[in-house]
Each structure stands twice: as C-alpha cells, then as structure tokens.
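Text of protein_1.cif (mmCIF, C-alpha atoms) as supplied:
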data_data
#
loop_
_atom_site.label_atom_id
_atom_site.label_comp_id
_atom_site.auth_asym_id
_atom_site.auth_seq_id
_atom_site.Cartn_x
_atom_site.Cartn_y
_atom_site.Cartn_z
CA MET X 130 -92.97 -81.96 29.85
CA GLU X 131 -92.63 -79.35 32.57
CA THR X 132 -94.82 -76.40 33.56
CA LEU X 133 -93.10 -73.29 34.93
CA GLU X 134 -94.70 -70.12 36.27
CA PHE X 135 -93.05 -66.74 36.64
CA SER X 136 -94.43 -63.42 37.79
CA CYS X 137 -93.23 -59.91 38.48
CA PRO X 138 -94.84 -56.52 39.24
CA ALA X 139 -96.65 -55.25 36.16
CA GLY X 140 -94.93 -52.50 34.15
CA ALA X 141 -96.42 -49.30 32.82
CA ARG X 142 -97.44 -50.22 29.28
CA LYS X 143 -100.44 -52.44 28.56
CA PRO X 144 -100.73 -54.08 25.13
CA LEU X 145 -103.36 -52.71 22.77
CA GLN X 146 -104.41 -56.19 21.73
CA ARG X 147 -103.65 -59.82 22.36
CA VAL X 148 -101.32 -61.54 19.92
CA HIS X 149 -100.32 -65.05 18.99
CA VAL X 150 -96.98 -65.82 17.35
CA GLY X 151 -95.02 -68.98 16.56
CA VAL X 152 -95.65 -72.68 16.26
CA VAL X 153 -94.95 -75.57 18.67
CA ALA X 154 -92.48 -77.09 16.20
CA SER X 155 -89.04 -78.57 16.86
CA GLY X 156 -86.76 -75.86 18.30
CA ASN X 157 -89.65 -73.42 18.18
CA LEU X 158 -92.43 -72.17 20.45
CA GLU X 159 -95.73 -70.34 20.42
CA VAL X 160 -96.38 -67.22 22.48
CA LEU X 161 -99.81 -65.95 23.48
CA MET X 162 -99.59 -62.43 24.88
CA GLU X 163 -102.47 -60.54 26.50
CA PRO X 164 -102.83 -57.46 28.68
CA ALA X 165 -102.06 -58.33 32.31
CA VAL X 166 -104.93 -58.78 34.73
CA GLY X 167 -104.28 -56.71 37.84
CA ILE X 168 -100.88 -55.55 39.03
CA VAL X 169 -98.81 -58.61 38.14
CA SER X 170 -97.21 -59.66 34.88
CA GLN X 171 -97.32 -63.40 34.54
CA VAL X 172 -95.60 -65.94 32.31
CA VAL X 173 -96.69 -69.58 32.19
CA VAL X 174 -94.35 -71.89 30.29
CA ARG X 175 -95.04 -75.44 29.20
CA THR X 176 -91.83 -76.90 27.82
CA SER X 177 -90.85 -80.28 26.42
CA ALA X 178 -87.32 -79.94 27.88
CA ASN X 179 -87.26 -80.62 31.61
CA GLY X 180 -84.80 -79.07 34.06
CA PHE X 181 -84.21 -75.67 32.46
CA GLY X 182 -86.11 -73.55 35.01
CA GLU X 183 -83.11 -71.33 35.81
CA ARG X 184 -82.49 -70.67 32.13
CA TRP X 185 -86.14 -69.69 31.64
CA ARG X 186 -85.95 -67.40 34.68
CA ALA X 187 -82.93 -65.62 33.15
CA VAL X 188 -84.61 -65.21 29.75
CA ILE X 189 -87.82 -63.85 31.25
CA ASP X 190 -85.94 -61.50 33.63
CA ARG X 191 -84.07 -60.11 30.66
CA PHE X 192 -87.31 -59.66 28.72
CA PHE X 193 -88.96 -57.68 31.53
CA ALA X 194 -85.76 -55.67 32.10
CA ARG X 195 -86.02 -54.56 28.48
CA HIS X 196 -89.78 -53.96 28.35
CA ASP X 197 -91.74 -52.04 30.99
CA VAL X 198 -95.00 -53.84 30.20
CA ALA X 199 -98.05 -55.29 31.91
CA VAL X 200 -98.62 -58.57 30.12
CA SER X 201 -99.92 -62.05 30.69
CA VAL X 202 -97.96 -64.54 28.61
CA ALA X 203 -98.50 -68.22 27.85
CA ILE X 204 -95.68 -70.12 26.16
CA ASN X 205 -95.84 -73.58 24.64
CA ASP X 206 -92.26 -74.60 23.94
CA PHE X 207 -90.81 -77.45 21.93
CA GLY X 208 -87.13 -77.15 22.84
CA ALA X 209 -86.41 -73.61 21.61
CA THR X 210 -83.03 -72.08 22.50
CA PRO X 211 -82.99 -68.93 24.69
CA PRO X 212 -82.30 -66.62 21.68
CA THR X 213 -85.29 -68.07 19.84
CA VAL X 214 -87.48 -67.54 22.90
CA LEU X 215 -86.37 -63.92 23.20
CA LEU X 216 -86.98 -63.31 19.48
CA ARG X 217 -90.52 -64.70 19.72
CA LEU X 218 -91.20 -62.54 22.80
CA GLU X 219 -89.87 -59.47 20.95
CA GLN X 220 -92.08 -60.34 17.97
CA ALA X 221 -95.11 -60.62 20.25
CA ILE X 222 -94.31 -57.27 21.89
CA GLU X 223 -93.95 -55.55 18.52
CA GLU X 224 -97.29 -56.86 17.32
CA ALA X 225 -99.09 -56.30 20.63
CA PHE X 226 -98.30 -52.58 20.63
CA VAL X 227 -99.21 -51.76 17.03
CA ILE X 228 -102.80 -50.53 16.66
CA GLY X 229 -104.75 -52.50 14.06
CA ARG X 230 -101.86 -54.83 13.42
CA ALA X 231 -101.72 -55.64 9.73
CA PRO X 232 -102.17 -59.29 8.80
CA VAL X 233 -98.89 -61.15 8.51
CA CYS X 234 -99.87 -62.34 5.06
CA PRO X 235 -100.73 -59.19 3.15
CA PRO X 236 -103.57 -58.45 0.74
CA THR X 237 -101.03 -58.18 -2.10
CA LEU X 238 -101.16 -61.98 -2.30
CA ARG X 239 -104.65 -61.76 -3.72
CA PRO X 240 -104.82 -62.01 -7.51
CA MET W 257 -94.84 -51.24 10.61
CA THR W 258 -93.40 -54.42 11.99
CA ILE W 259 -94.33 -56.77 9.19
CA PRO W 260 -91.41 -58.71 7.71
CA THR W 261 -90.79 -57.24 4.27
CA LEU W 262 -90.17 -60.66 2.77
CA LEU W 263 -93.84 -61.54 3.14
CA HIS W 264 -94.85 -58.41 1.25
CA SER W 265 -93.44 -60.06 -1.84
CA THR W 266 -96.07 -61.42 -4.18
CA ALA W 267 -93.74 -64.37 -4.68
CA ALA W 268 -94.21 -65.78 -1.16
CA CYS W 269 -93.74 -69.56 -1.10
CA PHE W 270 -96.98 -71.19 0.01
CA SER W 271 -95.02 -73.97 1.69
CA GLU W 272 -93.19 -71.48 3.91
CA LEU W 273 -96.35 -69.86 5.27
CA ASP W 274 -97.77 -71.28 8.48
CA ALA W 275 -101.31 -72.64 8.64
CA ARG W 276 -102.82 -69.31 9.68
CA GLU W 277 -100.96 -67.33 7.02
CA ARG W 278 -102.11 -69.82 4.38
CA ALA W 279 -105.74 -69.42 5.44
CA ARG W 280 -105.35 -65.65 5.43
CA ALA W 281 -103.79 -65.73 1.96
CA LEU W 282 -106.69 -67.78 0.58
CA LEU W 283 -109.38 -65.40 1.84
CA ASP W 284 -110.20 -62.00 0.37
CA ALA W 285 -108.25 -59.16 2.00
CA GLY W 286 -109.73 -58.14 5.33
CA SER W 287 -112.32 -60.95 5.41
CA PHE W 288 -110.32 -63.44 7.54
CA ARG W 289 -112.10 -64.31 10.78
CA GLU W 290 -110.84 -67.20 12.86
CA LEU W 291 -113.19 -69.51 14.77
CA LEU W 292 -111.82 -71.16 17.92
CA ASP W 293 -108.69 -69.02 17.73
CA PRO W 294 -105.63 -69.78 19.92
CA PHE W 295 -106.98 -67.70 22.81
CA GLN W 296 -109.97 -70.03 23.16
CA ARG W 297 -107.38 -72.61 24.28
CA VAL W 298 -109.17 -75.48 22.57
CA GLU W 299 -106.22 -77.84 22.77
CA SER W 300 -105.68 -81.57 23.02
CA PRO W 301 -106.43 -82.99 26.48
CA HIS W 302 -104.65 -86.22 25.55
CA LEU W 303 -101.14 -84.96 24.83
CA PRO W 304 -100.04 -83.42 28.18
CA PRO W 305 -100.69 -86.67 30.13
CA GLN W 306 -98.37 -88.32 27.59
CA GLY W 307 -95.70 -85.67 28.17
CA ILE W 308 -96.27 -83.79 24.92
CA VAL W 309 -96.66 -80.01 24.89
CA PRO W 310 -100.02 -79.04 23.38
CA GLN W 311 -100.58 -76.20 20.92
CA SER W 312 -103.27 -73.63 21.67
CA ASP W 313 -105.15 -74.31 18.40
CA ASP W 314 -104.25 -78.03 18.32
CA GLY W 315 -102.61 -77.45 14.95
CA VAL W 316 -105.73 -76.58 12.94
CA VAL W 317 -106.94 -73.14 11.88
CA VAL W 318 -110.65 -72.72 11.11
CA ALA W 319 -111.12 -69.49 9.19
CA ARG W 320 -114.30 -67.93 7.80
CA GLY W 321 -114.19 -65.25 5.16
CA LEU W 322 -114.75 -64.62 1.49
CA ILE W 323 -113.27 -66.14 -1.64
CA ASP W 324 -113.98 -63.90 -4.63
CA GLY W 325 -116.69 -62.24 -2.58
CA GLN W 326 -118.46 -65.53 -1.77
CA GLN W 327 -118.76 -67.03 1.73
CA ALA W 328 -115.99 -69.53 2.42
CA VAL W 329 -114.44 -71.61 5.16
CA VAL W 330 -110.75 -72.57 5.11
CA LEU W 331 -109.53 -75.47 7.22
CA SER W 332 -105.77 -75.25 7.42
CA ILE W 333 -103.58 -77.89 9.08
CA GLU W 334 -100.27 -76.85 10.65
CA GLY W 335 -97.75 -79.41 9.40
CA ASN W 336 -95.06 -78.19 11.78
CA TYR W 337 -97.02 -79.17 14.88
CA GLN W 338 -96.83 -82.93 15.50
CA GLY W 339 -96.53 -83.55 11.75
CA GLY W 340 -99.97 -82.10 11.13
CA SER W 341 -101.42 -85.19 12.79
CA ILE W 342 -105.16 -85.39 13.37
CA GLY W 343 -106.45 -86.07 16.88
CA GLU W 344 -109.78 -85.70 18.60
CA VAL W 345 -109.87 -81.92 18.98
CA ASN W 346 -108.36 -80.67 15.73
CA GLY W 347 -110.26 -83.40 13.86
CA ALA W 348 -113.50 -82.22 15.45
CA LYS W 349 -112.68 -78.64 14.40
CA ILE W 350 -112.42 -79.74 10.76
CA ALA W 351 -115.33 -82.20 10.79
CA GLY W 352 -117.53 -79.75 12.73
CA ALA W 353 -116.83 -76.92 10.30
CA LEU W 354 -117.61 -79.17 7.33
CA GLU W 355 -120.83 -80.34 8.98
CA LEU W 356 -121.90 -76.74 9.63
CA ALA W 357 -121.16 -75.89 5.99
CA LEU W 358 -123.29 -78.88 5.03
CA ARG W 359 -126.16 -77.75 7.26
CA ASP W 360 -125.99 -74.31 5.66
CA ALA W 361 -125.82 -75.81 2.15
CA ARG W 362 -129.00 -77.84 2.81
CA ARG W 363 -130.72 -74.55 3.70
CA GLY W 364 -129.59 -73.02 0.43
CA ARG W 365 -126.66 -71.07 1.88
CA ILE W 366 -123.51 -72.09 0.05
CA ILE W 367 -120.17 -71.80 1.81
CA ARG W 368 -117.08 -72.64 -0.21
CA PRO W 369 -114.98 -75.20 1.66
CA VAL W 370 -111.18 -75.36 1.26
CA LEU W 371 -108.95 -77.90 3.01
CA VAL W 372 -105.25 -77.03 3.30
CA LEU W 373 -103.80 -80.48 3.86
CA ASP W 374 -100.34 -80.77 5.43
CA THR W 375 -100.60 -83.89 7.52
CA GLY W 376 -99.17 -87.33 8.18
CA GLY W 377 -102.70 -88.56 9.00
CA ILE W 378 -103.82 -89.92 12.31
CA ARG W 379 -102.20 -88.73 15.57
CA LEU W 380 -101.01 -92.02 17.03
CA GLN W 381 -101.26 -90.72 20.62
CA GLU W 382 -105.00 -90.22 20.14
CA ALA W 383 -105.54 -93.33 18.04
CA ASN W 384 -109.23 -94.24 17.73
CA LEU W 385 -110.45 -90.73 18.53
CA GLY W 386 -108.47 -89.42 15.56
CA ILE W 387 -109.76 -92.19 13.31
CA LEU W 388 -113.31 -91.35 14.36
CA SER W 389 -112.93 -87.67 13.55
CA ILE W 390 -111.32 -88.43 10.19
CA SER W 391 -114.22 -90.72 9.28
CA GLU W 392 -116.61 -87.89 10.20
CA MET W 393 -114.65 -85.65 7.82
CA HIS W 394 -114.95 -88.23 5.04
CA ALA W 395 -118.71 -88.45 5.49
CA ALA W 396 -119.09 -84.68 5.54
CA ILE W 397 -116.95 -84.18 2.40
CA VAL W 398 -118.96 -86.78 0.46
CA GLU W 399 -122.24 -85.09 1.38
CA LEU W 400 -121.00 -81.55 1.02
CA ARG W 401 -119.55 -82.03 -2.47
CA GLU W 402 -123.10 -82.60 -3.76
CA PHE W 403 -123.78 -78.92 -3.04
CA VAL W 404 -120.46 -77.17 -3.59
CA PRO W 405 -117.00 -78.23 -4.79
CA VAL W 406 -114.79 -79.25 -1.86
CA VAL W 407 -111.30 -78.06 -2.74
CA GLY W 408 -108.19 -79.71 -1.26
CA ILE W 409 -104.67 -78.28 -1.41
CA VAL W 410 -101.57 -80.49 -0.97
CA ALA W 411 -98.73 -78.01 -1.03
CA GLY W 412 -96.93 -78.31 2.30
CA ARG W 413 -93.69 -79.96 3.34
CA ILE W 414 -95.36 -82.89 5.11
CA GLY W 415 -97.66 -83.82 2.23
CA CYS W 416 -100.89 -85.69 2.88
CA PHE W 417 -101.07 -89.27 4.12
CA GLY W 418 -103.14 -91.85 5.92
CA GLY W 419 -106.82 -91.18 6.50
CA MET W 420 -106.25 -87.62 5.35
CA GLY W 421 -104.90 -89.01 2.07
CA ILE W 422 -108.34 -90.58 1.70
CA ALA W 423 -109.95 -87.23 2.58
CA ALA W 424 -107.86 -85.66 -0.21
CA GLY W 425 -109.11 -88.33 -2.60
CA LEU W 426 -112.70 -87.53 -1.69
CA CYS W 427 -112.36 -83.83 -2.50
CA SER W 428 -114.09 -82.60 -5.65
CA VAL W 429 -110.93 -80.88 -6.81
CA LEU W 430 -107.37 -81.41 -5.62
CA ILE W 431 -104.65 -78.82 -6.16
CA GLY W 432 -100.99 -79.61 -5.46
CA SER W 433 -97.51 -78.17 -5.78
CA GLU W 434 -94.25 -79.96 -6.49
CA ILE W 435 -93.37 -79.70 -2.79
CA GLY W 436 -96.36 -81.87 -1.91
CA ARG W 437 -96.66 -85.64 -1.64
CA LEU W 438 -99.82 -87.66 -1.54
CA GLY W 439 -100.46 -91.23 -0.49
CA LEU W 440 -101.83 -93.64 2.07
CA ASN W 441 -98.76 -94.92 3.91
CA GLY W 442 -95.98 -92.37 4.16
CA PRO W 443 -92.42 -93.40 3.26
CA GLU W 444 -91.26 -93.56 6.90
CA VAL W 445 -94.11 -95.91 7.79
CA ILE W 446 -93.39 -98.18 4.82
CA GLU W 447 -89.70 -98.36 5.72
CA GLN W 448 -90.53 -99.10 9.35
CA GLU W 449 -93.07 -101.81 8.56
CA ALA W 450 -91.63 -103.44 5.42
CA GLY W 451 -87.92 -102.78 5.80
CA ILE W 452 -85.43 -100.53 4.09
CA ALA W 453 -85.16 -102.96 1.16
CA GLU W 454 -88.80 -102.15 0.35
CA LEU W 455 -88.36 -98.40 0.56
CA ASP W 456 -85.60 -96.14 1.82
CA ALA W 457 -87.49 -93.21 3.36
CA ARG W 458 -84.47 -90.94 2.76
CA ASP W 459 -84.38 -91.66 -0.97
CA ARG W 460 -85.99 -88.36 -1.86
CA ALA W 461 -85.69 -88.77 -5.63
CA ARG W 462 -87.48 -92.11 -5.55
CA ILE W 463 -90.15 -90.88 -3.15
CA TRP W 464 -91.04 -87.80 -5.20
CA ALA W 465 -90.92 -89.91 -8.37
CA THR W 466 -93.57 -92.23 -6.92
CA ILE W 467 -95.81 -90.15 -4.64
CA GLY W 468 -94.79 -86.55 -5.35
CA CYS W 469 -97.57 -84.26 -6.55
CA ARG W 470 -96.10 -84.02 -10.07
CA ARG W 471 -96.30 -87.82 -10.34
CA ARG W 472 -99.80 -87.83 -8.85
CA TYR W 473 -100.85 -85.22 -11.39
CA GLU W 474 -99.53 -87.35 -14.24
CA GLN W 475 -101.44 -90.34 -12.80
CA GLY W 476 -104.63 -88.32 -12.71
CA ASP W 477 -104.83 -88.23 -8.90
CA LEU W 478 -104.50 -84.46 -8.85
CA ASP W 479 -106.52 -81.96 -10.88
CA CYS W 480 -104.14 -79.08 -10.86
CA LEU W 481 -100.35 -78.86 -10.46
CA VAL W 482 -99.14 -75.38 -9.55
CA ALA W 483 -95.92 -73.65 -8.50
CA ASP W 484 -95.13 -73.32 -4.79
CA ASP W 485 -96.29 -69.73 -4.88
CA ALA W 486 -99.06 -68.34 -2.70
CA ALA W 487 -100.57 -66.03 -5.33
CA THR W 488 -100.67 -68.85 -7.89
CA ILE W 489 -102.39 -71.23 -5.48
CA VAL W 490 -104.90 -68.56 -4.47
CA ARG W 491 -105.69 -67.88 -8.14
CA SER W 492 -106.06 -71.60 -8.78
CA VAL W 493 -108.61 -71.91 -5.94
CA CYS W 494 -110.58 -68.90 -7.21
CA GLU W 495 -110.65 -70.31 -10.74
CA THR W 496 -111.77 -73.70 -9.45
CA PHE W 497 -114.82 -72.24 -7.72
CA ALA W 498 -115.58 -69.98 -10.70
CA GLU W 499 -115.63 -73.03 -13.01
CA LYS W 500 -118.19 -74.82 -10.80
CA PRO W 501 -116.79 -78.31 -11.43
CA GLY W 502 -119.23 -81.19 -11.09
CA GLY W 503 -118.65 -84.70 -9.85
CA ALA W 504 -115.76 -86.04 -7.84
CA ARG W 505 -112.65 -87.97 -8.75
CA SER W 506 -113.49 -90.80 -6.37
CA ARG W 507 -116.66 -91.49 -8.41
CA ALA W 508 -114.77 -92.23 -11.63
CA VAL W 509 -114.49 -95.93 -10.80
CA ALA W 510 -114.63 -97.28 -14.36
CA GLU W 511 -111.83 -94.96 -15.45
CA ARG W 512 -109.70 -96.07 -12.48
CA ARG W 513 -110.30 -99.75 -13.27
CA ARG W 514 -109.34 -99.17 -16.89
CA ARG W 515 -106.11 -97.48 -15.83
CA ILE W 516 -105.20 -100.20 -13.32
CA ASP W 517 -105.75 -102.82 -16.04
CA GLU W 518 -103.57 -100.79 -18.36
CA TYR W 519 -100.71 -100.60 -15.85
CA SER W 520 -100.98 -104.15 -14.54
CA LEU W 521 -98.29 -106.53 -15.70
CA PRO W 522 -99.43 -109.89 -17.06
CA ALA W 523 -99.27 -112.45 -14.24
CA ALA W 524 -96.03 -114.42 -14.53
CA ALA W 525 -96.21 -118.21 -14.24
CA GLY W 526 -95.70 -119.19 -10.61
CA GLY W 527 -96.60 -115.71 -9.35
CA PRO W 528 -94.27 -112.93 -8.27
CA GLN W 529 -90.81 -113.98 -7.09
#
Please, can you express the file's structure as structure tokens?
Amino acid sequence: METLEFSCPAGARKPLQRVHVGVVASGNLEVLMEPAVGIVSQVVVRTSANGFGERWRAVIDRFFARHDVAVSVAINDFGATPPTVLLRLEQAIEEAFVIGRAPVCPPTLRP
Amino acid sequence: MTIPTLLHSTAACFSELDARERARALLDAGSFRELLDPFQRVESPHLPPQGIVPQSDDGVVVARGLIDGQQAVVLSIEGNYQGGSIGEVNGAKIAGALELALRDARRGRIIRPVLVLDTGGIRLQEANLGILSISEMHAAIVELREFVPVVGIVAGRIGCFGGMGIAAGLCSVLIGSEIGRLGLNGPEVIEQEAGIAELDARDRARIWATIGCRRRYEQGDLDCLVADDAATIVRSVCETFAEKPGGARSRAVAERRRRIDEYSLPAAAGGPQ
C-alpha cells in the first residue's frame, strides 16, 4: 500500500455538496469529494499498487485541466486503471455540482 | 440529471446494487439517513498496517429510515469490499446498531431491523476482534427478535458464510434470491482445508445445488425465495413486517431433529468407508 498526496491552486468552482462514489473492490476505487479548504485543491490517494506515482500525477493533472474546481479529494484505490479513476472522478464531479442530488437508487423501486 | 437511466428501471437487479443502494432501496423514498457515513472516516485501523487499503465506511452501511412508514434500521454489508468480511469496526457498526434498536425496543419504541448479508464471515486480518463483534451481533439478534422480527436478506454475489451464516440462522425471517448462497464454511475454505476431492470450489452447479438459496429454501433454511429483483425483495420485506411473524427458525429444534433423522442414512456395518 502506498499513500500519495497531490495539490494544486484551487479553481473557481466549489462543489455544492460532498459526494461519495465507488467501492474499494478489485480494479475499482472509492472517491470522497468535498469543497476545498482554503486556496488549494488537494488529492490524497491510498493505493494497493505501489510505484505508480507518476501515473497518478498524470491522471490528476488531466482531471484538473478539465475541471476548474476547488475540491478536496480522498481516494482509496484497489488497483483501478487510469480510465476507471478518471471515470470515478467525473462521476464525483457530476454529483457534487447537482443541487439536491437525487438518490442513486430511485423511489420507483418502492412497491 | 446525472443519474444512470438503467437504475431508473423498476427491474433493477438487487445483486448489482452496492450496499448503500440496497439500503436506500429498502427504505421508503426520501427517508434514508446514513449513520457513520463515509465522511466520518470510521475505517479499519488494522488493515493499513497490513498493507491493505481501507474503505471509508469499512464496508458496512448503517441506514435509518422508514419501512412502510415505520421506523427501521438497515445494516447493509458491501460484498465487494474484502469479500464483505466482518472486522472490528464494521462489526461494531452492526452490533451497535442492533443493540441501540434493542434498547429502544425495551422502552417500547420498535425499530424494524433488516440485515443485508453479503459476506464471507470473519475478516481473517482482524481475527478475534471480528469474532467478538459477530458474537455481539448474535446476542443482540436473539434478544431483539423477542420484540420485533429481525429480517435477513441473502441475495448478493458473495452469499453468507461463517459466523454471519449463524447470524442469518438466528434471524426471525430469512429472505434469499437464487444468486445467494448460505452456509458455514464457504466452498473455497472447504477445498483449501479438505482438498479438491472433497469439494471443487469452481464446480458452480454442485455448489448451488448444495448451498444455493433455492436448495436452502427447499430444506427449510430460508423462509422466502424471491427473484433477484430489487422491487420484489423490497415488497417481500414489507410483507414480512406486515405479517408480524412470531418465533424464530433456530428455535424449531424438534423439527430440525426430525428432519436430520429423516435424511440420515442407516449406519453401515463397519462405518463409512
């Protein structure tokens, strides 16, 4: 297991709420996204695969190049590939910026 | 909206929902409220020193809300995190919630307890601490079921094994789907300990024919066999509470003895070969 920390100047948009997506399952990861504290966006990664710091740097740079956001992100990773990581981050962003995010499992399931 | 359209279908597979989505599905619309949610960071302190990445909820969702308008607590295990294994922290979340429901029940405030079981049992990395928390669960279920039916659901891809298999057996009512499996030792453990000649853990047909939920239902170990469909399982839980079932399967000792006698082969001379 390895812990990696990344930071960059905070962007313009702050999330409306904190969101949690994903599961720490094989080839998967969980993302906890919150509004950034202060003027720095921060990403803390705990990953089961050691030695991929450069790859993580590239993925996170690409994420912040695409989204001008002020977020604090915690990632617990169980060997997800870079595309999976980016998809989870995109999912978190989508949910973090929707007011009153609807539950993932909708009321229509009720009898 | 950003919600995947697939999940809007009323035909969502229960087994494909994660632990949180299952809890949400079981509770009345808008009533879901999570206790010790992921942002509380109540995670296992034992896994990182052993090089294992923790999960922010330690693989258990504790959700309060309503079932058919009545107070309820859903304890949902995430089978995809470490095989749904029970350690100190996630075990304490379940046992603690059951004990609080028990305290409320003693004061005349009934909270409907539902266990969504998707677990291989004990988390080996946390050994005795997991065993301790599972035994606390057992004690709480046995006391709580005197006040309110404790409903267990075995409808995930892991199934329910080990000490949690015992917890399932202690529930007042057990609901399962054909996806589910229920037992004490899981197939992989049996193969590892007794050899592949005893049981091939990859022999899916044989495994589901012996410990699959359909088989368990036929044996009387399961009260309700339902399709792997979220709406059906939700309806089944609602109906169970509406019926106010009494007793518990684990009390029917005479019936179990009769059935074991019925199935037992006459002892061959010289014992088994």
Report task. Output as a PyMOL selection string the set of chain W residues within 10 Å of chain X, with distances taken over all atoms listed in the file. Result -> chain W and resi 257-261+263-268+273-286+288+293-295+304-315+323-324+334-339+485-492+494
Query raised in the report: So how far away is CA of Val174 (chain X) from CA of Gly377 (chain W), in Å?
Result: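 CA of Val174 (chain X) lies at a distance of 28.3 Å from CA of Gly377 (chain W).
Across the structure, CA of Leu385 (chain W) and CA of Glu399 (chain W) are spaced 21.6 Å apart.
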Report summary line: The distance between CA of Cys469 (chain W) and CA of Val329 (chain W) is 24.1 Å
Report task. Name the residues that the PyMOL selection byres ((chain W and resi 390) around 8) picks from the file above, as an MDAnalysis selection string, using the file's chain letters and numbers. Result -> chainID W and resid 342 347 351 378 386:389 391:394 419:420 423
Query raised in the report: Can you tell me, as a ChimeraX atom specification, what residues are no more than 10 Å from Glu219 (chain X) when counting only C-alpha atoms, ignoring any on the same chain fewer than 4 positions away?
Result: /X:192,195-196,213-215,223-225
Around region 435-441 of chain W, fit a box with edges along x, y and z, padding it by 8 Å on each side, then list its centre and edge lengths in Å to one decimal as AutoDock Vina command-line options.
--center_x -97.6 --center_y -87.3 --center_z 0.6 --size_x 24.5 --size_y 31.2 --size_z 22.7
**Report entry** Close residues, Phe226 (chain X) itself excluded, 8 Å, all atoms listed in the file, min 3 positions apart in chain, as a PyMOL selection string
**Finding:** chain X and resi 144-146+222-223
Run through the PyMOL selection byres ((chain X and resi 138) around 9) on the given coordinates and return the selected residues as a PDB file with C-alpha atoms, keeping the file's coordinate frame.
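Output contents, as saved in out-v2.pdb:
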ATOM      1  CA  SER X 136     -94.430 -63.420  37.790  1.00  0.00           C
ATOM      2  CA  CYS X 137     -93.230 -59.910  38.480  1.00  0.00           C
ATOM      3  CA  ALA X 139     -96.650 -55.250  36.160  1.00  0.00           C
ATOM      4  CA  GLY X 140     -94.930 -52.500  34.150  1.00  0.00           C
ATOM      5  CA  ILE X 168    -100.880 -55.550  39.030  1.00  0.00           C
ATOM      6  CA  VAL X 169     -98.810 -58.610  38.140  1.00  0.00           C
ATOM      7  CA  SER X 170     -97.210 -59.660  34.880  1.00  0.00           C
ATOM      8  CA  GLN X 171     -97.320 -63.400  34.540  1.00  0.00           C
ATOM      9  CA  ALA X 199     -98.050 -55.290  31.910  1.00  0.00           C
TER      10      ALA X 199
END
Report task. Give me the result of the PyMOL selection byres ((chain X and resi 211) around 10) on this file, residue by residue, as a PyMOL selection string. Result -> chain X and resi 184-185+187-189+208-210+212-217
